[in-house]
Each structure stands twice: as structure tokens, then as C-alpha cells.
>>> print(open('final.cif').read())   # mmCIF, C-alpha atoms and all ligand atoms
data_final
#
loop_
_atom_site.label_atom_id
_atom_site.label_comp_id
_atom_site.auth_asym_id
_atom_site.auth_seq_id
_atom_site.Cartn_x
_atom_site.Cartn_y
_atom_site.Cartn_z
CA MET A 463 126.58 41.74 83.71
CA THR A 464 127.45 44.63 81.43
CA GLU A 465 129.15 47.58 83.03
CA LYS A 466 127.54 50.94 82.38
CA ARG A 467 130.00 53.39 80.77
CA THR A 468 130.23 56.89 82.16
CA PRO A 469 129.22 59.25 79.35
CA PRO A 470 132.23 60.86 77.64
CA LEU A 471 132.90 64.50 78.47
CA ILE A 472 132.85 66.42 75.19
CA GLY A 473 133.77 70.10 74.94
CA VAL A 474 132.08 72.49 72.52
CA LEU A 475 134.11 75.53 71.56
CA ALA A 476 131.71 78.27 72.68
CA ILE A 477 133.29 81.37 71.20
CA GLN A 478 130.80 82.11 68.44
CA GLY A 479 128.25 80.27 66.31
CA ASP A 480 125.70 77.62 67.13
CA TYR A 481 127.46 75.87 69.99
CA ALA A 482 124.28 75.53 72.10
CA ALA A 483 122.64 73.33 69.44
CA HIS A 484 125.76 71.14 69.39
CA ALA A 485 125.68 70.76 73.17
CA GLU A 486 122.05 69.65 72.98
CA ALA A 487 122.79 67.20 70.14
CA LEU A 488 125.73 65.72 72.10
CA ALA A 489 123.55 65.22 75.17
CA GLU A 490 120.93 63.49 72.99
CA ALA A 491 123.69 61.28 71.57
CA GLY A 492 124.76 60.12 75.02
CA ALA A 493 127.63 62.46 75.96
CA THR A 494 128.06 65.11 78.63
CA PRO A 495 128.67 68.44 76.85
CA VAL A 496 130.90 71.18 78.30
CA GLU A 497 131.13 74.71 76.87
CA VAL A 498 134.76 75.74 76.34
CA ARG A 499 135.70 79.42 76.32
CA ARG A 500 139.26 79.32 77.64
CA PRO A 501 142.17 76.99 76.83
CA ASP A 502 142.47 75.79 80.44
CA GLN A 503 138.96 74.29 80.09
CA LEU A 504 140.32 71.69 77.64
CA ALA A 505 141.94 69.75 80.48
CA GLY A 506 140.04 66.58 81.34
CA LEU A 507 137.87 66.52 78.20
CA ASP A 508 137.58 63.32 76.17
CA GLY A 509 136.84 65.07 72.86
CA LEU A 510 135.94 68.42 71.32
CA VAL A 511 133.49 69.92 68.82
CA LEU A 512 134.46 72.94 66.73
CA PRO A 513 131.09 74.41 65.66
CA GLY A 514 130.07 76.44 62.65
CA GLY A 515 130.15 80.21 62.67
CA GLU A 516 132.68 82.47 61.00
CA SER A 517 136.10 80.86 60.87
CA THR A 518 137.90 84.23 60.69
CA THR A 519 136.17 85.40 63.89
CA ILE A 520 136.92 82.12 65.68
CA LEU A 521 140.56 82.31 64.52
CA ARG A 522 140.92 85.84 65.83
CA PHE A 523 139.72 84.70 69.24
CA LEU A 524 142.02 81.66 69.19
CA GLY A 525 144.94 84.05 68.73
CA LYS A 526 144.59 85.02 72.39
CA LEU A 527 145.92 83.16 75.47
CA ARG A 528 147.85 80.69 73.23
CA PHE A 529 144.43 79.11 72.61
CA PHE A 530 145.34 78.03 69.02
CA GLU A 531 148.53 76.23 70.14
CA LEU A 532 146.81 74.53 73.09
CA LEU A 533 143.95 73.45 70.86
CA GLU A 534 146.46 72.00 68.39
CA GLU A 535 148.05 70.03 71.21
CA PHE A 536 144.67 68.77 72.51
CA CYS A 537 143.51 67.68 69.04
CA ARG A 538 146.70 65.73 68.37
CA LYS A 539 145.73 63.38 71.19
CA LYS A 540 141.92 63.50 71.45
CA PRO A 541 139.04 63.15 68.97
CA VAL A 542 137.74 66.32 67.35
CA PHE A 543 134.67 67.06 65.25
CA GLY A 544 134.51 70.20 63.12
CA THR A 545 131.31 71.39 61.41
CA CYS A 546 131.30 74.03 58.68
CA ALA A 547 133.63 76.77 60.03
CA GLY A 548 134.99 74.05 62.35
CA ALA A 549 135.83 71.87 59.33
CA ILE A 550 137.65 74.84 57.80
CA LEU A 551 139.72 75.16 60.99
CA LEU A 552 140.66 71.45 60.84
CA ALA A 553 141.82 71.40 57.20
CA ARG A 554 145.40 71.02 56.03
CA GLU A 555 144.88 73.92 53.60
CA VAL A 556 142.23 76.64 53.27
CA LEU A 557 141.38 78.52 50.05
CA ASN A 558 139.31 81.63 49.24
CA PRO A 559 141.24 83.20 50.85
CA PRO A 560 144.05 81.14 52.38
CA GLN A 561 144.06 81.30 56.18
CA ARG A 562 145.64 79.63 59.18
CA SER A 563 144.31 76.21 60.15
CA LEU A 564 145.04 73.33 62.50
CA GLY A 565 146.08 70.92 59.72
CA LEU A 566 144.53 67.88 61.42
CA LEU A 567 142.48 66.74 58.42
CA ASP A 568 144.30 65.85 55.22
CA ALA A 569 142.02 67.98 53.05
CA VAL A 570 141.92 71.21 51.09
CA VAL A 571 138.82 73.27 51.88
CA GLU A 572 137.44 76.21 49.91
CA ARG A 573 135.41 78.69 51.94
CA ASN A 574 132.01 79.99 50.80
CA ALA A 575 132.21 77.75 47.77
CA TYR A 576 128.57 77.59 46.75
CA GLY A 577 128.05 81.19 45.65
CA ARG A 578 125.65 83.85 46.89
CA GLN A 579 122.41 82.68 45.28
CA ILE A 580 122.52 79.19 46.74
CA ASP A 581 124.57 79.92 49.82
CA SER A 582 122.18 77.95 52.06
CA ALA A 583 120.48 74.68 51.20
CA ILE A 584 119.06 71.52 52.70
CA VAL A 585 120.20 68.46 50.79
CA THR A 586 119.28 64.82 51.45
CA ALA A 587 121.86 62.37 50.15
CA GLU A 588 123.16 58.84 50.41
CA THR A 589 125.51 58.15 53.29
CA ALA A 590 127.79 55.38 54.44
CA LEU A 591 126.15 55.70 57.88
CA ALA A 592 123.62 52.98 58.57
CA GLY A 593 119.96 54.02 58.48
CA GLY A 594 119.36 55.49 55.01
CA PRO A 595 119.79 58.94 53.42
CA LEU A 596 121.08 61.84 55.52
CA GLU A 597 119.63 65.36 55.69
CA MET A 598 122.38 68.00 55.47
CA VAL A 599 121.83 71.68 56.26
CA PHE A 600 124.37 73.90 54.48
CA ILE A 601 124.88 77.54 55.50
CA ARG A 602 127.49 79.55 53.56
CA ALA A 603 129.24 76.23 53.38
CA PRO A 604 132.78 75.40 52.40
CA ARG A 605 133.59 72.71 49.83
CA ILE A 606 136.14 69.99 50.40
CA VAL A 607 138.03 70.15 47.11
CA GLN A 608 140.72 67.57 47.82
CA THR A 609 141.25 64.75 50.33
CA GLY A 610 144.23 62.56 51.16
CA PRO A 611 144.22 58.74 50.95
CA ALA A 612 143.47 58.23 54.66
CA VAL A 613 140.27 60.29 54.51
CA GLU A 614 137.06 58.26 54.42
CA VAL A 615 134.08 59.96 52.72
CA LEU A 616 130.79 59.22 54.53
CA ALA A 617 128.49 61.53 52.52
CA ARG A 618 128.73 63.87 49.54
CA ARG A 619 127.08 66.99 48.14
CA GLU A 620 127.14 67.24 44.34
CA GLY A 621 130.07 64.84 44.26
CA SER A 622 132.19 66.73 46.82
CA PRO A 623 132.83 65.16 50.23
CA ALA A 624 130.52 66.68 52.86
CA LEU A 625 131.06 64.29 55.79
CA VAL A 626 134.55 62.84 56.22
CA ARG A 627 136.52 60.94 58.79
CA GLU A 628 140.26 60.51 59.23
CA GLY A 629 140.74 58.34 62.30
CA ARG A 630 139.84 60.42 65.35
CA VAL A 631 139.03 63.48 63.22
CA LEU A 632 135.47 63.94 61.94
CA ALA A 633 134.41 66.86 59.74
CA ALA A 634 131.15 68.01 58.15
CA THR A 635 130.75 70.93 55.76
CA PHE A 636 127.11 71.09 56.92
CA HIS A 637 125.33 71.55 60.29
CA PRO A 638 124.20 68.15 61.66
CA GLU A 639 123.17 69.83 64.93
CA LEU A 640 120.34 71.59 63.03
CA SER A 641 118.66 68.36 61.88
CA ARG A 642 116.66 65.99 64.07
CA ASP A 643 118.77 63.04 63.00
CA ARG A 644 121.48 62.31 65.60
CA ARG A 645 123.49 59.73 63.64
CA VAL A 646 126.45 62.04 63.03
CA HIS A 647 126.75 63.09 66.68
CA ARG A 648 126.29 59.47 67.75
CA LEU A 649 129.20 58.50 65.48
CA PHE A 650 131.38 61.14 67.11
CA VAL A 651 130.36 60.05 70.61
CA GLU A 652 131.33 56.48 69.61
CA ILE A 653 134.73 57.67 68.32
CA VAL A 654 135.31 59.52 71.61
CA ALA A 655 134.19 56.57 73.76
CA ALA A 656 136.45 54.17 71.82
CA ALA A 657 139.47 56.49 72.12
CA LYS A 658 138.79 56.92 75.83
CA GLU A 659 138.66 53.16 76.37
CA ALA A 660 141.87 52.64 74.39
CA VAL A 661 143.90 54.82 76.78
CA GLN A 662 142.44 53.33 79.96
N1 LIG B 1 131.25 80.88 55.78
C1 LIG B 1 131.83 80.51 57.04
C2 LIG B 1 133.36 80.55 56.99
O1 LIG B 1 133.90 80.62 55.94
C3 LIG B 1 131.37 79.15 57.50
C4 LIG B 1 129.86 79.12 57.62
C5 LIG B 1 129.33 78.26 58.70
O2 LIG B 1 130.05 77.82 59.60
N2 LIG B 1 128.05 78.07 58.68
O3 LIG B 1 133.99 80.52 57.98
#
>>> encode(input="final.cif", output="C-alpha cells")
Amino acid sequence: MTEKRTPPLIGVLAIQGDYAAHAEALAEAGATPVEVRRPDQLAGLDGLVLPGGESTTILRFLGKLRFFELLEEFCRKKPVFGTCAGAILLAREVLNPPQRSLGLLDAVVERNAYGRQIDSAIVTAETALAGGPLEMVFIRAPRIVQTGPAVEVLARREGSPALVREGRVLAATFHPELSRDRRVHRLFVEIVAAAKEAVQ
């Protein structure tokens, strides 16, 4: 008889941006989503999503209540998934302009890298994920301009990595929560479930 797993508890940083769509996508992918607005709400979570929005606004908020430091600590142990502004927060280095980041993903990320005219776009491209091409919704997106050797590229936009994974860290420069396809959220839920099992 196979034992039924309890769904992993995944936080969504709910400071600003499209966190509600992420919560819905996580639920569809088999997790229990929890909105996180204060650092003490990180306790007991199995993983965390850093949504898109405006990274400078999110950073300003994280400056309060030692939120940034506690987030850093949480993400050193548990899986984290950053989309768009969230991917910027995860990067080792941020350009245009340089700003503080968590340094959990060995990558250099340039903010607002696609110019004003084409600042939003829907691109369908090949992906390493099973199930064929992936739709990617880009909104004032950053570009991953450099990645370290441990970073696996799962999809690209115009040659630049758009979906990457480094162990327990997943990052997308697009908004997977805005497409119907749940493969990216399912991958994150799998990463969280595997990490949870490994510590039990
Ligand atoms: N342009 C935003 C930033 O630099 C990111 C945009 C997004 O998250 N959709 O923070």
C-alpha cells in the first residue's frame, strides 16, 4: 500500500506583486500555500516562493523586522523559488542598478533588460521539462546574464537562461503563475517534497 504524503506547506511572500496567483498555482500543483507577511510566519514552512513585483519595493519592506536576515537563514536550509523580481532577489549579483540580494543563486541578473518597447512579451520556447514547449510570460523582466557551473538551465529566452535551477533554488525571469501550464510549480513542489523527505 502506498502511503499518502501530506501536501508540503509552501509560503508565498505576500508583500507586493502577484502572490495570490502563485498561491493558486501552488494549490493546483499539490501544495498547501501560506501567505507570508512577517518573518515569524516562516517557521514551520517547507519551502517559499518569492513572487514578481518590484524588487526595490520588496527589498525596502524586507529591511524591517530583520526580515531580510531571517529570510536568508530560511533559504539556506529550505527550497526557494523566485519569479521575476523574486529571481532578482535570489541572485548573487544584480545590475542596472546594483542592489542588495540574497546571493542564493550563482547568477548575475540585469534588471529591466528588455527595453521599454518590448518590456512585456509572451514567448513559447523549448524546455528541459517533460511535456513540450513552455509558455513564458515576461513583464518588465530581468535577464540572467551569467550563471555559475552548478546552475542548470531549463529554458531560455533569446539564448539567455529564463528558468534555472541550482539544487534547492529555482528561479524564473518570467511569471509561470500567469500561464495555465503548472509544470514549473509542480517541479518546485517536487523539490520541496523531496527536501522535506530527506530531513525526516
Ligand atoms: N522590473 C521589476 C524589478 O526590476 C521586476 C518585474 C516583475 O517582477 N514582473 O524588480
>>> residues_around(input="final.cif", residues="Arg630 of chain A", least_positions_apart="3", cutoff="8 Å", atoms="all atoms listed in the file", output="ChimeraX atom specification")
/A:540-542,627,653-654,657
>>> residues_near_ligand(input="final.cif", ligand="ligand LIG 1 (chain B)", cutoff="7 Å", atoms="all atoms listed in the file", output="JSON, numbers by chain")
{"A": [514, 515, 516, 517, 518, 545, 546, 547, 548, 550, 573, 574, 600, 601, 602, 603, 604]}
>>> atom_distance(input="final.cif", atom1="atom CA of Leu507 of chain A", atom2="atom CA of Gly473 of chain A")
6.3 Å
>>> atom_distance(input="final.cif", atom1="atom CA of Met598 of chain A", atom2="atom CA of Arg644 of chain A")
11.7 Å
>>> closest_residue(input="final.cif", among="A:Thr519, A:Ser582, A:Ser622, A:Thr589", to="Ala569 of chain A", atoms="all atoms listed in the file")
A:Ser622
>>> atom_distance(input="final.cif", atom1="atom CA of Leu616 of chain A", atom2="atom CA of Val599 of chain A")
15.4 Å
>>> closest_residue(input="final.cif", among="A:Ile472, A:Leu557, A:Leu512, A:Ser563", to="Gly525 of chain A", atoms="only C-alpha atoms")
A:Ser563
>>> residues_around(input="final.cif", residues="Ala587 of chain A", least_positions_apart="2", cutoff="7 Å", atoms="all atoms listed in the file", output="PDB file with C-alpha atoms, in the frame of the given file")
ATOM      1  CA  VAL A 585     120.200  68.460  50.790  1.00  0.00           C
ATOM      2  CA  THR A 589     125.510  58.150  53.290  1.00  0.00           C
ATOM      3  CA  PRO A 595     119.790  58.940  53.420  1.00  0.00           C
ATOM      4  CA  LEU A 596     121.080  61.840  55.520  1.00  0.00           C
ATOM      5  CA  GLU A 597     119.630  65.360  55.690  1.00  0.00           C
TER       6      GLU A 597
END
>>> closest_residue(input="final.cif", among="A:Val646, A:Val570, A:Leu564, A:Val615", to="Ala491 of chain A", atoms="all atoms listed in the file")
A:Val646
>>> residues_near_point(input="final.cif", point="(124.9, 59.5, 76.6)", cutoff="12 Å", atoms="all atoms listed in the file", output="list in words")
Lys466, Arg467, Thr468, Pro469, Pro470, Leu471, Ile472, Ala485, Glu486, Ala487, Leu488, Ala489, Glu490, Ala491, Gly492, Ala493, Thr494, Pro495, Arg644, His647, Arg648, Leu649, Phe650, Val651, Glu652, Val654 and Ala655 of chain A
>>> residues_around(input="final.cif", residues="Gly565 of chain A", least_positions_apart="4", cutoff="8 Å", atoms="only C-alpha atoms", output="list in words")
Leu551, Leu552, Ala553, Arg554 and Glu555 of chain A
>>> residues_around(input="final.cif", residues="Val613 of chain A", least_positions_apart="3", cutoff="10 Å", atoms="all atoms listed in the file", output="PyMOL selection string")
chain A and resi 567-569+608-610+616+623+626-629+631-632
>>> closest_residue(input="final.cif", among="A:Asp502, A:Gln478, A:Leu510, A:Leu566", to="Arg522 of chain A", atoms="all atoms listed in the file")
A:Gln478
>>> closest_residue(input="final.cif", among="A:Leu527, A:Leu475, A:Ala624, A:Ala660", to="Lys539 of chain A", atoms="all atoms listed in the file")
A:Ala660
